[in-house]
Amino acid sequence: MGELIYLYGLIPTNESVSQPVPSIKGFDGKGDIYTIPIGEITAIVCSLDANEYSEEIIKEKINSDMEWLQEKAFHHHETVMALSKLYTVIPLKFCTLYKNETSLTDTVQQNHSKMTDTFALLEGNEEWNLKIYCNDELLKKQVSQNNPAIEQRREEISQLSKGKQFFEKKKLDKLIDDEVENEKDRVSERIHTHLKDFVLQGNVKRNWSKDVTGRKENMTWNSVYLISSSKVEQFSEEIQQFEKKMGDMGWQFEPTGPWPAYHFSSFS
């Protein structure tokens with residue numbers, strides 16, 4: 001069946017000329033990665049045996065072989081990370097395959113204008129992620145004690161009969177839980193809005209569950225930013241200020257980066 005082309009990412013051709021691609025083993029652990037120049041854009045790829053890495057075989061591996069998936073996903077991530085330290089990279093998703101070099105070339109040429117605009121956006125900038133966590137019990141205590149409406153409702157309940165108090169307390173607990181969630185959203189949105197003054201773009205992502213994070217605190221906010229390299233330090237300092245002000249109240253901040261710009265580039 002011949003060979004398939006595995007695409008890691010796209011870089012400006014002038015960057016590949018001035019900085020040769022490092023020696024890195026490809027997806028199958030055999031051959032090295034290499035470049036395919038396509039005008040102003042260069043694809044960084046490796047070759048794969050079509051008999052061993054057909055679409056059907058890869059789907060089966062992804063669905064049934066967790067060890068294989070972890071190994072290959074780590075390889076892809078580490079390769080793209082290494083490339084992003086050397087070049088302006090439009091990173092591709094895990095297991096982006098083309099049947100041949102012609103198919104890849106046609107796709108790049110069809111998206112040439114979009115790709116050059118993306119390179120212009122990414123050059124000199126970095127992708128950073130910020131996850132915010134909160135101790136719900138601490139926040140619940142603060143909300144319960146500092147909310148006049150809740151205090152008033154608690155006083156009203158204390159005047160009721162024992163039987164009615166039970167059901168009204170249940171309703172109050174639900175009200176407090178709702179207010180805790182609202183407060184987390186309000187605070188996190190305020191922080192996100194503040195940080196957007198220091199970045200080029202900022203997007204909100206879906207929160208991860210405790211099963212994914214491995215933490216006892218709930219993730220309250222998950223956002224990603226495209227930041228000028230010259231402003232990364234200032235961005236970090238702003239987060240540190242939030243940590244100083246809010247750490248004792250159960251808020252925790254986890255900035256990470258720089259990452260390949262997966263969230264601010266796309267390739268059809």
# chains A, B, ... in the order shown; residues from 1 in each chain; ligands from 1
>>> residues_around(residues="Gly29 of chain A", least_positions_apart="3", cutoff="12 Å", atoms="only C-alpha atoms", output="ChimeraX atom specification")
/A:24-26,32-33,46-49,71-72,75-76
>>> residues_around(residues="segment 90-105 of chain A", least_positions_apart="4", cutoff="8 Å", atoms="only C-alpha atoms", output="list in words")
Glu3, Leu4, Ile5, Tyr6, Leu7, Tyr8, Gly9, Leu10, Ile11, Ile38, Ala73, His76, Val80, Gln109, Thr118, Phe119, Pro260, Ala261, Tyr262, Ser265, Ser266 and Phe267 of chain A
>>> write_last_selection(atoms="N, CA and C atoms", output="mmCIF file, in the first residue's frame")
data_model
loop_
_atom_site.group_PDB
_atom_site.id
_atom_site.type_symbol
_atom_site.label_atom_id
_atom_site.label_comp_id
_atom_site.auth_asym_id
_atom_site.auth_seq_id
_atom_site.Cartn_x
_atom_site.Cartn_y
_atom_site.Cartn_z
ATOM 1 N N GLU A 3 3.378 4.342 1.471
ATOM 2 C CA GLU A 3 3.616 5.115 2.693
ATOM 3 C C GLU A 3 2.583 6.213 2.866
ATOM 4 N N LEU A 4 2.288 6.499 4.141
ATOM 5 C CA LEU A 4 1.432 7.617 4.516
ATOM 6 C C LEU A 4 2.308 8.762 5.017
ATOM 7 N N ILE A 5 1.754 9.963 5.002
ATOM 8 C CA ILE A 5 2.451 11.136 5.521
ATOM 9 C C ILE A 5 1.796 11.545 6.835
ATOM 10 N N TYR A 6 2.577 11.544 7.914
ATOM 11 C CA TYR A 6 2.092 11.994 9.222
ATOM 12 C C TYR A 6 2.539 13.436 9.408
ATOM 13 N N LEU A 7 1.575 14.334 9.610
ATOM 14 C CA LEU A 7 1.870 15.768 9.694
ATOM 15 C C LEU A 7 1.882 16.248 11.150
ATOM 16 N N TYR A 8 3.025 16.788 11.579
ATOM 17 C CA TYR A 8 3.156 17.345 12.935
ATOM 18 C C TYR A 8 2.757 18.818 12.975
ATOM 19 N N GLY A 9 3.203 19.573 11.963
ATOM 20 C CA GLY A 9 2.927 20.993 11.978
ATOM 21 C C GLY A 9 3.433 21.672 10.732
ATOM 22 N N LEU A 10 3.104 22.954 10.632
ATOM 23 C CA LEU A 10 3.521 23.785 9.500
ATOM 24 C C LEU A 10 4.323 24.966 10.019
ATOM 25 N N ILE A 11 5.374 25.328 9.302
ATOM 26 C CA ILE A 11 6.214 26.456 9.705
ATOM 27 C C ILE A 11 6.514 27.310 8.470
ATOM 28 N N ILE A 38 6.490 23.734 0.666
ATOM 29 C CA ILE A 38 5.355 23.988 -0.227
ATOM 30 C C ILE A 38 5.263 25.505 -0.390
ATOM 31 N N ALA A 73 0.712 9.595 21.838
ATOM 32 C CA ALA A 73 0.265 10.961 22.119
ATOM 33 C C ALA A 73 1.393 11.757 22.760
ATOM 34 N N HIS A 76 3.865 12.705 20.010
ATOM 35 C CA HIS A 76 3.361 13.819 19.205
ATOM 36 C C HIS A 76 3.525 15.138 19.966
ATOM 37 N N VAL A 80 6.006 18.267 18.824
ATOM 38 C CA VAL A 80 5.476 19.601 18.519
ATOM 39 C C VAL A 80 6.040 20.636 19.491
ATOM 40 N N GLN A 109 -1.871 24.306 -0.122
ATOM 41 C CA GLN A 109 -2.037 25.364 -1.123
ATOM 42 C C GLN A 109 -3.442 25.961 -1.084
ATOM 43 N N THR A 118 -2.199 33.221 9.867
ATOM 44 C CA THR A 118 -1.980 32.604 11.178
ATOM 45 C C THR A 118 -0.536 32.751 11.623
ATOM 46 N N PHE A 119 0.402 32.566 10.708
ATOM 47 C CA PHE A 119 1.815 32.778 11.045
ATOM 48 C C PHE A 119 2.044 34.209 11.526
ATOM 49 N N PRO A 260 2.507 24.963 22.409
ATOM 50 C CA PRO A 260 2.223 25.163 20.986
ATOM 51 C C PRO A 260 0.830 25.781 20.839
ATOM 52 N N ALA A 261 0.669 26.651 19.864
ATOM 53 C CA ALA A 261 -0.559 27.460 19.774
ATOM 54 C C ALA A 261 -1.728 26.680 19.167
ATOM 55 N N TYR A 262 -2.133 25.601 19.831
ATOM 56 C CA TYR A 262 -3.247 24.794 19.337
ATOM 57 C C TYR A 262 -4.548 25.578 19.302
ATOM 58 N N SER A 265 -4.673 28.592 16.304
ATOM 59 C CA SER A 265 -4.362 28.252 14.912
ATOM 60 C C SER A 265 -5.204 27.052 14.514
ATOM 61 N N SER A 266 -5.521 26.986 13.254
ATOM 62 C CA SER A 266 -6.288 25.848 12.750
ATOM 63 C C SER A 266 -5.853 25.553 11.320
ATOM 64 N N PHE A 267 -6.080 24.317 10.922
ATOM 65 C CA PHE A 267 -5.667 23.895 9.584
ATOM 66 C C PHE A 267 -6.704 22.906 9.071
#
>>> residues_around(residues="segment 184-188 of chain A", least_positions_apart="6", cutoff="12 Å", atoms="only C-alpha atoms", output="number ranges by chain")
A: 130-136, 138-140, 142-143, 177-178, 194-195, 204, 207, 218-223, 239, 242, 246, 250-253
>>> select_by_dssp(residues="segment 13-245 of chain A", states="helix (DSSP H, G or I)", output="number ranges by chain")
A: 13-18, 55-64, 66-84, 101-110, 112-122, 136-146, 148-158, 162-198, 210-213, 229-245
>>> atom_distance(atom1="atom CA of Leu122 of chain A", atom2="atom CA of Val199 of chain A")
12.5 Å
>>> atom_distance(atom1="atom CA of Thr256 of chain A", atom2="atom CA of Asn129 of chain A")
5.3 Å
>>> decode(residues="segment 116-132 of chain A", atoms="N, CA and C atoms", output="PDB file, in the first residue's frame")
ATOM      1  N   THR A 116      -0.808  31.834   6.154  1.00  0.00           N
ATOM      2  CA  THR A 116       0.110  32.972   6.278  1.00  0.00           C
ATOM      3  C   THR A 116      -0.431  33.998   7.276  1.00  0.00           C
ATOM      4  N   ASP A 117      -1.759  34.177   7.307  1.00  0.00           N
ATOM      5  CA  ASP A 117      -2.358  35.071   8.309  1.00  0.00           C
ATOM      6  C   ASP A 117      -2.116  34.528   9.723  1.00  0.00           C
ATOM      7  N   THR A 118      -2.199  33.221   9.867  1.00  0.00           N
ATOM      8  CA  THR A 118      -1.980  32.604  11.178  1.00  0.00           C
ATOM      9  C   THR A 118      -0.536  32.751  11.623  1.00  0.00           C
ATOM     10  N   PHE A 119       0.402  32.566  10.708  1.00  0.00           N
ATOM     11  CA  PHE A 119       1.815  32.778  11.045  1.00  0.00           C
ATOM     12  C   PHE A 119       2.044  34.209  11.526  1.00  0.00           C
ATOM     13  N   ALA A 120       1.407  35.164  10.863  1.00  0.00           N
ATOM     14  CA  ALA A 120       1.560  36.565  11.262  1.00  0.00           C
ATOM     15  C   ALA A 120       1.018  36.790  12.672  1.00  0.00           C
ATOM     16  N   LEU A 121      -0.088  36.102  12.999  1.00  0.00           N
ATOM     17  CA  LEU A 121      -0.675  36.221  14.333  1.00  0.00           C
ATOM     18  C   LEU A 121       0.221  35.597  15.403  1.00  0.00           C
ATOM     19  N   LEU A 122       0.831  34.469  15.101  1.00  0.00           N
ATOM     20  CA  LEU A 122       1.580  33.701  16.105  1.00  0.00           C
ATOM     21  C   LEU A 122       3.010  34.191  16.312  1.00  0.00           C
ATOM     22  N   GLU A 123       3.591  34.825  15.316  1.00  0.00           N
ATOM     23  CA  GLU A 123       5.008  35.199  15.399  1.00  0.00           C
ATOM     24  C   GLU A 123       5.270  36.127  16.593  1.00  0.00           C
ATOM     25  N   GLY A 124       6.205  35.725  17.439  1.00  0.00           N
ATOM     26  CA  GLY A 124       6.580  36.531  18.591  1.00  0.00           C
ATOM     27  C   GLY A 124       5.618  36.433  19.764  1.00  0.00           C
ATOM     28  N   ASN A 125       4.678  35.505  19.684  1.00  0.00           N
ATOM     29  CA  ASN A 125       3.675  35.368  20.735  1.00  0.00           C
ATOM     30  C   ASN A 125       3.664  33.948  21.300  1.00  0.00           C
ATOM     31  N   GLU A 126       3.082  33.792  22.478  1.00  0.00           N
ATOM     32  CA  GLU A 126       3.079  32.507  23.165  1.00  0.00           C
ATOM     33  C   GLU A 126       1.677  32.162  23.654  1.00  0.00           C
ATOM     34  N   GLU A 127       1.370  30.860  23.663  1.00  0.00           N
ATOM     35  CA  GLU A 127       0.104  30.396  24.228  1.00  0.00           C
ATOM     36  C   GLU A 127       0.322  29.976  25.684  1.00  0.00           C
ATOM     37  N   TRP A 128      -0.522  30.501  26.573  1.00  0.00           N
ATOM     38  CA  TRP A 128      -0.483  30.158  27.996  1.00  0.00           C
ATOM     39  C   TRP A 128      -1.876  29.750  28.462  1.00  0.00           C
ATOM     40  N   ASN A 129      -1.889  28.845  29.422  1.00  0.00           N
ATOM     41  CA  ASN A 129      -3.148  28.369  29.995  1.00  0.00           C
ATOM     42  C   ASN A 129      -3.230  28.771  31.469  1.00  0.00           C
ATOM     43  N   LEU A 130      -4.428  29.116  31.920  1.00  0.00           N
ATOM     44  CA  LEU A 130      -4.644  29.404  33.339  1.00  0.00           C
ATOM     45  C   LEU A 130      -5.828  28.594  33.839  1.00  0.00           C
ATOM     46  N   LYS A 131      -5.574  27.766  34.846  1.00  0.00           N
ATOM     47  CA  LYS A 131      -6.635  27.041  35.530  1.00  0.00           C
ATOM     48  C   LYS A 131      -6.786  27.630  36.932  1.00  0.00           C
ATOM     49  N   ILE A 132      -8.026  27.862  37.335  1.00  0.00           N
ATOM     50  CA  ILE A 132      -8.315  28.406  38.664  1.00  0.00           C
ATOM     51  C   ILE A 132      -9.088  27.357  39.452  1.00  0.00           C
TER      52      ILE A 132
END
